[in-house]
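Engineer: What follows is model_11.cif, made up of mmCIF, C-alpha atoms and all ligand atoms:
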data_structure
#
loop_
_atom_site.label_atom_id
_atom_site.label_comp_id
_atom_site.auth_asym_id
_atom_site.auth_seq_id
_atom_site.Cartn_x
_atom_site.Cartn_y
_atom_site.Cartn_z
CA MET A 1 0.14 -36.92 -25.77
CA THR A 2 -2.51 -34.27 -25.14
CA LEU A 3 -5.97 -34.80 -26.45
CA ASN A 4 -8.02 -31.70 -27.14
CA PHE A 5 -11.26 -33.39 -28.02
CA ASN A 6 -14.41 -33.40 -25.94
CA ILE A 7 -15.15 -36.76 -24.38
CA ASN A 8 -18.71 -37.87 -24.94
CA TYR A 9 -20.46 -39.59 -22.08
CA LEU A 10 -22.91 -42.07 -23.50
CA ILE A 11 -25.11 -44.79 -22.12
CA PHE A 12 -23.42 -48.14 -22.47
CA GLU A 13 -25.53 -51.22 -21.97
CA ASP A 14 -22.77 -53.73 -21.37
CA MET A 15 -19.62 -52.23 -22.78
CA PHE A 16 -18.14 -49.56 -24.98
CA PHE A 17 -19.89 -48.29 -28.06
CA LYS A 18 -18.47 -49.97 -31.13
CA TYR A 19 -19.38 -47.35 -33.72
CA CYS A 20 -19.16 -43.56 -33.86
CA GLY A 21 -22.45 -41.82 -33.02
CA GLU A 22 -21.60 -38.98 -35.41
CA CYS A 23 -20.36 -40.68 -38.55
CA GLY A 24 -20.93 -44.42 -37.98
CA HIS A 25 -17.28 -45.37 -38.37
CA LYS A 26 -15.94 -48.32 -36.36
CA LEU A 27 -14.11 -47.06 -33.24
CA ASP A 28 -10.52 -47.81 -32.23
CA ASP A 29 -9.21 -48.30 -28.68
CA ILE A 30 -7.15 -45.42 -27.29
CA LYS A 31 -5.66 -44.41 -23.93
CA CYS A 32 -6.80 -41.07 -22.45
CA GLY A 33 -4.28 -40.65 -19.65
CA ASP A 34 -4.76 -43.84 -17.65
CA ASP A 35 -8.26 -44.51 -18.93
CA ASN A 36 -9.37 -46.79 -21.70
CA CYS A 37 -11.31 -44.83 -24.30
CA ARG A 38 -12.27 -45.19 -27.92
CA ILE A 39 -11.70 -42.87 -30.83
CA CYS A 40 -13.34 -42.53 -34.22
CA PRO A 41 -10.53 -42.75 -36.78
CA SER A 42 -12.64 -40.74 -39.22
CA CYS A 43 -13.95 -37.70 -37.27
CA LYS A 44 -11.62 -38.06 -34.22
CA LYS A 45 -14.45 -37.98 -31.71
CA ILE A 46 -13.48 -39.63 -28.40
CA TYR A 47 -15.76 -41.87 -26.37
CA GLY A 48 -15.13 -42.36 -22.64
CA ASN A 49 -16.34 -45.41 -20.78
CA ASN A 50 -17.80 -43.40 -17.88
CA PRO A 51 -20.95 -44.23 -15.92
CA LEU A 52 -23.81 -41.74 -15.96
CA PRO A 53 -24.57 -40.07 -12.60
CA VAL A 54 -28.08 -40.63 -11.28
CA VAL A 55 -29.53 -39.20 -8.08
CA GLU A 56 -31.44 -41.52 -5.76
CA ALA A 57 -33.55 -40.05 -2.93
CA LEU A 58 -35.32 -41.64 0.01
CA VAL A 59 -38.06 -39.07 0.74
CA VAL A 60 -38.93 -38.63 4.44
CA ASN A 61 -41.58 -36.29 5.91
CA GLU A 62 -41.98 -34.62 9.31
CA TYR A 63 -43.96 -37.64 10.59
CA ASN A 64 -41.05 -39.99 9.70
CA GLU A 65 -43.10 -41.51 6.90
CA ILE A 66 -41.26 -42.63 3.76
CA LEU A 67 -42.58 -41.92 0.29
CA LEU A 68 -42.25 -44.72 -2.23
CA LEU A 69 -43.18 -44.80 -5.91
CA LYS A 70 -44.80 -47.40 -8.04
CA GLN A 71 -43.44 -47.41 -11.57
CA ASN A 72 -44.88 -50.31 -13.52
CA TYR A 73 -42.05 -50.30 -16.06
CA ILE A 74 -39.75 -51.19 -13.14
CA SER A 75 -42.02 -53.57 -11.20
CA ASN A 76 -45.71 -54.42 -10.94
CA THR A 77 -45.42 -55.42 -7.29
CA LYS A 78 -42.50 -53.58 -5.70
CA TRP A 79 -42.03 -49.91 -4.81
CA THR A 80 -38.97 -47.74 -5.36
CA VAL A 81 -37.33 -44.54 -4.17
CA VAL A 82 -37.07 -41.42 -6.36
CA THR A 83 -34.36 -41.59 -9.02
CA GLY A 84 -33.40 -39.42 -11.95
CA TYR A 85 -30.64 -38.46 -14.30
CA MET A 86 -28.59 -35.37 -13.62
CA GLN A 87 -29.26 -32.46 -15.94
CA ASP A 88 -26.66 -30.13 -17.37
CA ARG A 89 -25.75 -27.07 -15.23
CA GLU A 90 -27.29 -28.31 -11.98
CA THR A 91 -25.67 -29.49 -8.75
CA ILE A 92 -26.38 -32.93 -7.33
CA GLU A 93 -28.48 -31.35 -4.54
CA GLU A 94 -30.50 -29.40 -7.12
CA ALA A 95 -31.10 -32.62 -9.04
CA VAL A 96 -32.41 -34.29 -5.87
CA ALA A 97 -34.84 -31.42 -5.22
CA ARG A 98 -35.95 -31.28 -8.88
CA GLU A 99 -36.57 -35.01 -9.21
CA VAL A 100 -38.45 -35.20 -5.89
CA LYS A 101 -40.64 -32.25 -6.96
CA GLU A 102 -41.28 -33.64 -10.46
CA GLU A 103 -42.06 -37.20 -9.42
CA THR A 104 -43.89 -36.58 -6.13
CA GLY A 105 -44.81 -32.88 -5.74
CA GLN A 106 -42.93 -32.66 -2.42
CA ILE A 107 -40.61 -29.72 -1.70
CA VAL A 108 -37.19 -30.74 -0.40
CA THR A 109 -36.20 -28.60 2.60
CA ASN A 110 -32.90 -30.37 3.25
CA CYS A 111 -31.00 -33.36 1.95
CA LYS A 112 -28.22 -35.52 3.28
CA TYR A 113 -25.75 -37.59 1.28
CA ILE A 114 -25.74 -41.23 2.42
CA SER A 115 -23.88 -43.47 -0.03
CA SER A 116 -23.35 -44.25 -3.71
CA TYR A 117 -24.06 -47.49 -5.57
CA TYR A 118 -22.77 -48.78 -8.88
CA PHE A 119 -25.63 -50.18 -10.95
CA ALA A 120 -23.94 -52.45 -13.45
CA PRO A 121 -26.91 -53.37 -15.70
CA LYS A 122 -27.22 -49.78 -16.91
CA HIS A 123 -23.68 -48.57 -16.21
CA LEU A 124 -24.93 -45.94 -13.74
CA ILE A 125 -23.47 -44.44 -10.60
CA MET A 126 -26.37 -43.92 -8.20
CA ILE A 127 -25.79 -41.05 -5.72
CA GLY A 128 -27.97 -41.77 -2.70
CA PHE A 129 -29.54 -39.11 -0.45
CA ILE A 130 -32.19 -38.77 2.20
CA ALA A 131 -34.49 -35.92 1.06
CA TYR A 132 -36.41 -34.25 3.89
CA VAL A 133 -39.81 -32.78 2.97
CA LYS A 134 -42.99 -31.42 4.56
CA LYS A 135 -45.96 -33.58 3.63
CA GLU A 136 -47.75 -32.09 0.61
CA GLN A 137 -50.26 -33.19 -2.00
CA PHE A 138 -48.88 -35.55 -4.62
CA ALA A 139 -47.89 -34.34 -8.05
CA ASP A 140 -49.30 -36.00 -11.15
CA SER A 141 -46.23 -37.29 -12.98
CA ALA A 142 -46.43 -39.28 -16.20
CA GLU A 143 -43.43 -41.30 -15.00
CA VAL A 144 -45.15 -42.44 -11.79
CA ASP A 145 -48.05 -44.90 -11.57
CA ASP A 146 -48.68 -44.57 -7.82
CA LEU A 147 -47.30 -42.90 -4.70
CA LYS A 148 -47.71 -43.90 -1.07
CA TRP A 149 -46.42 -42.87 2.36
CA TYR A 150 -45.13 -45.87 4.31
CA LYS A 151 -44.10 -46.33 7.92
CA ILE A 152 -40.46 -47.36 8.30
CA GLU A 153 -41.36 -50.86 9.52
CA GLU A 154 -43.52 -51.46 6.42
CA ILE A 155 -40.76 -50.74 3.91
CA ASP A 156 -38.97 -54.10 3.92
CA ASN A 157 -42.08 -55.88 2.60
CA VAL A 158 -42.62 -53.59 -0.37
CA ILE A 159 -39.32 -52.10 -1.52
CA ALA A 160 -37.67 -53.23 -4.77
CA ARG A 161 -34.41 -55.12 -4.29
CA GLU A 162 -34.15 -57.20 -7.45
CA ASN A 163 -32.32 -55.41 -10.25
CA ASN A 164 -32.83 -52.12 -8.37
CA CYS A 165 -30.85 -50.13 -5.79
CA SER A 166 -33.88 -48.93 -3.75
CA GLY A 167 -33.64 -51.64 -1.07
CA MET A 168 -29.89 -51.25 -0.68
CA HIS A 169 -30.30 -47.49 -0.34
CA PHE A 170 -33.04 -47.90 2.28
CA ASP A 171 -30.73 -50.20 4.29
CA MET A 172 -27.98 -47.59 4.22
CA CYS A 173 -30.42 -44.83 5.30
CA LYS A 174 -31.92 -46.79 8.21
CA LYS A 175 -29.53 -45.58 10.89
CA TYR A 176 -30.44 -41.96 10.09
CA LEU A 177 -34.21 -42.57 10.33
CA CYS A 178 -36.19 -42.14 13.55
ZN ZN B 1 -16.85 -40.43 -36.32
#
Will you turn the file into structure tokens for me?

Structural biologist:
Amino acid sequence: MTLNFNINYLIFEDMFFKYCGECGHKLDDIKCGDDNCRICPSCKKIYGNNPLPVVEALVVNEYNEILLLKQNYISNTKWTVVTGYMQDRETIEEAVAREVKEETGQIVTNCKYISSYYFAPKHLIMIGFIAYVKKEQFADSAEVDDLKWYKIEEIDNVIARENNCSGMHFDMCKKYLC
């Protein structure tokens, strides 16, 4: 059976959507190839159970300092790496450079893929990079409450590990840091 409908990638908190986002009808289970999907029996819209891709970037400058962010909606005490949702029509590397620029003001000169992490609470696939920058003035982003350059040995005490992939990503990046 060939399905000619567009699959809609939505944010799922714990599981599939139960109702159609277009017409509100209750969804039925359906197979799309080997994958479990849902279909609206009324308007035939198909819903895939796919995680959203999110870029995650450990920002490093020419002095081997690491830039961490304070975002109070995430934690009042712990610091995180740059993260952001992919936008339509951009590559993953472009998303890394855009998010680093938006959230910190730093210009990415190079980036290196390190690892990916599945973040179950929000059904996200985090795509982890090291983003290399030259130290610049900080941007003023509404999403960021504070920014600070840390030395590598200071990171373990401040980085978010609970309900957040920042610490795990830092661990994976360590062997590439000077
Ligand atoms: Zn529908």

Engineer: Residues within 6 Å of ligand ZN 1 (chain B) should be enumerated using only C-alpha atoms and all ligand atoms and returned as a list in words.

Structural biologist: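 Taking only C-alpha atoms and all ligand atoms into account, the residues around ligand ZN 1 (chain B) at most 6 Å away are Cys20, Glu22, Cys23, Gly24, His25, Cys40, Ser42, Cys43 and Lys45 of chain A.
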
Engineer: Identify, on the basis of only C-alpha atoms, every residue whose closest approach to Pro53 in chain A does not exceed 8 Å; exclude the query and any residue fewer than 2 positions from it along the same chain; express the result as a PyMOL selection string.

Structural biologist: chain A and resi 51+55+85-86+124-127

Engineer: Just to confirm, what's the straight-line distance from CA of Asp29 in chain A to CA of Tyr118 in chain A in Å (one decimal)?

Structural biologist: 24.0 Å

Engineer: I'd like the contact shell of range 100-112 of chain A - 12 Å cut-off, all atoms listed in the file, skipping same-chain residues fewer than 4 positions apart - returned as a ChimeraX atom specification.

Structural biologist: /A:55-62,66-71,80-85,92-96,127-149,173,176-177

Engineer: How would the residues just picked look written out with C-alpha atoms as a compact mmCIF listing (two decimals), keeping the file's coordinate frame?

Structural biologist:
# COMPACT_ATOMS: atom_id res chain seq x y z
CA VAL A 55 -29.53 -39.20 -8.08
CA GLU A 56 -31.44 -41.52 -5.76
CA ALA A 57 -33.55 -40.05 -2.93
CA LEU A 58 -35.32 -41.64 0.01
CA VAL A 59 -38.06 -39.07 0.74
CA VAL A 60 -38.93 -38.63 4.44
CA ASN A 61 -41.58 -36.29 5.91
CA GLU A 62 -41.98 -34.62 9.31
CA ILE A 66 -41.26 -42.63 3.76
CA LEU A 67 -42.58 -41.92 0.29
CA LEU A 68 -42.25 -44.72 -2.23
CA LEU A 69 -43.18 -44.80 -5.91
CA LYS A 70 -44.80 -47.40 -8.04
CA GLN A 71 -43.44 -47.41 -11.57
CA THR A 80 -38.97 -47.74 -5.36
CA VAL A 81 -37.33 -44.54 -4.17
CA VAL A 82 -37.07 -41.42 -6.36
CA THR A 83 -34.36 -41.59 -9.02
CA GLY A 84 -33.40 -39.42 -11.95
CA TYR A 85 -30.64 -38.46 -14.30
CA ILE A 92 -26.38 -32.93 -7.33
CA GLU A 93 -28.48 -31.35 -4.54
CA GLU A 94 -30.50 -29.40 -7.12
CA ALA A 95 -31.10 -32.62 -9.04
CA VAL A 96 -32.41 -34.29 -5.87
CA ILE A 127 -25.79 -41.05 -5.72
CA GLY A 128 -27.97 -41.77 -2.70
CA PHE A 129 -29.54 -39.11 -0.45
CA ILE A 130 -32.19 -38.77 2.20
CA ALA A 131 -34.49 -35.92 1.06
CA TYR A 132 -36.41 -34.25 3.89
CA VAL A 133 -39.81 -32.78 2.97
CA LYS A 134 -42.99 -31.42 4.56
CA LYS A 135 -45.96 -33.58 3.63
CA GLU A 136 -47.75 -32.09 0.61
CA GLN A 137 -50.26 -33.19 -2.00
CA PHE A 138 -48.88 -35.55 -4.62
CA ALA A 139 -47.89 -34.34 -8.05
CA ASP A 140 -49.30 -36.00 -11.15
CA SER A 141 -46.23 -37.29 -12.98
CA ALA A 142 -46.43 -39.28 -16.20
CA GLU A 143 -43.43 -41.30 -15.00
CA VAL A 144 -45.15 -42.44 -11.79
CA ASP A 145 -48.05 -44.90 -11.57
CA ASP A 146 -48.68 -44.57 -7.82
CA LEU A 147 -47.30 -42.90 -4.70
CA LYS A 148 -47.71 -43.90 -1.07
CA TRP A 149 -46.42 -42.87 2.36
CA CYS A 173 -30.42 -44.83 5.30
CA TYR A 176 -30.44 -41.96 10.09
CA LEU A 177 -34.21 -42.57 10.33

Engineer: What's around Asp156 in chain A at 10 Å? Count all atoms listed in the file, leave out sequence neighbours fewer than 6 positions away in its own chain, and write the answer as a list in words.

Structural biologist: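 Near neighbours after the sequence-gap exclusion: Gly167, Phe170 and Asp171 of chain A.
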
Engineer: Between CA of His169 in chain A and CA of Asp35 in chain A, what distance in Å does the model show, to one decimal?

Structural biologist: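 Distance between the two atoms: 29.0 Å.
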
Engineer: Between A:Lys151, A:Asn76, A:Leu27, A:Arg98, single out the one closest to Lys44 in chain A, counting only C-alpha atoms.

Structural biologist: A:Leu27

Engineer: CA of Ser115 in chain A to CA of Cys37 in chain A: how many Å, to one decimal?

Structural biologist: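 So the answer is 27.4 Å.
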
Engineer: Using only C-alpha atoms, what residues lie at most 6 Å away from (-41.7, -55.7, -3.0) (file coordinates), given as a list of chain:residue names?

Structural biologist: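 Those within range, by chain then number, are A:Thr77, A:Lys78, A:Asn157, A:Val158, A:Ile159, A:Ala160.
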
Engineer: Generate a file of the selected residues that holds C-alpha atoms, formatted as a JSON list (two decimals), in the frame of the given file.

Structural biologist:
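result.json, written as the output of this step:
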[["chain", "number", "residue", "atom", "x", "y", "z"],
["A", 77, "THR", "CA", -45.42, -55.42, -7.29],
["A", 78, "LYS", "CA", -42.50, -53.58, -5.70],
["A", 157, "ASN", "CA", -42.08, -55.88, 2.60],
["A", 158, "VAL", "CA", -42.62, -53.59, -0.37],
["A", 159, "ILE", "CA", -39.32, -52.10, -1.52],
["A", 160, "ALA", "CA", -37.67, -53.23, -4.77]]
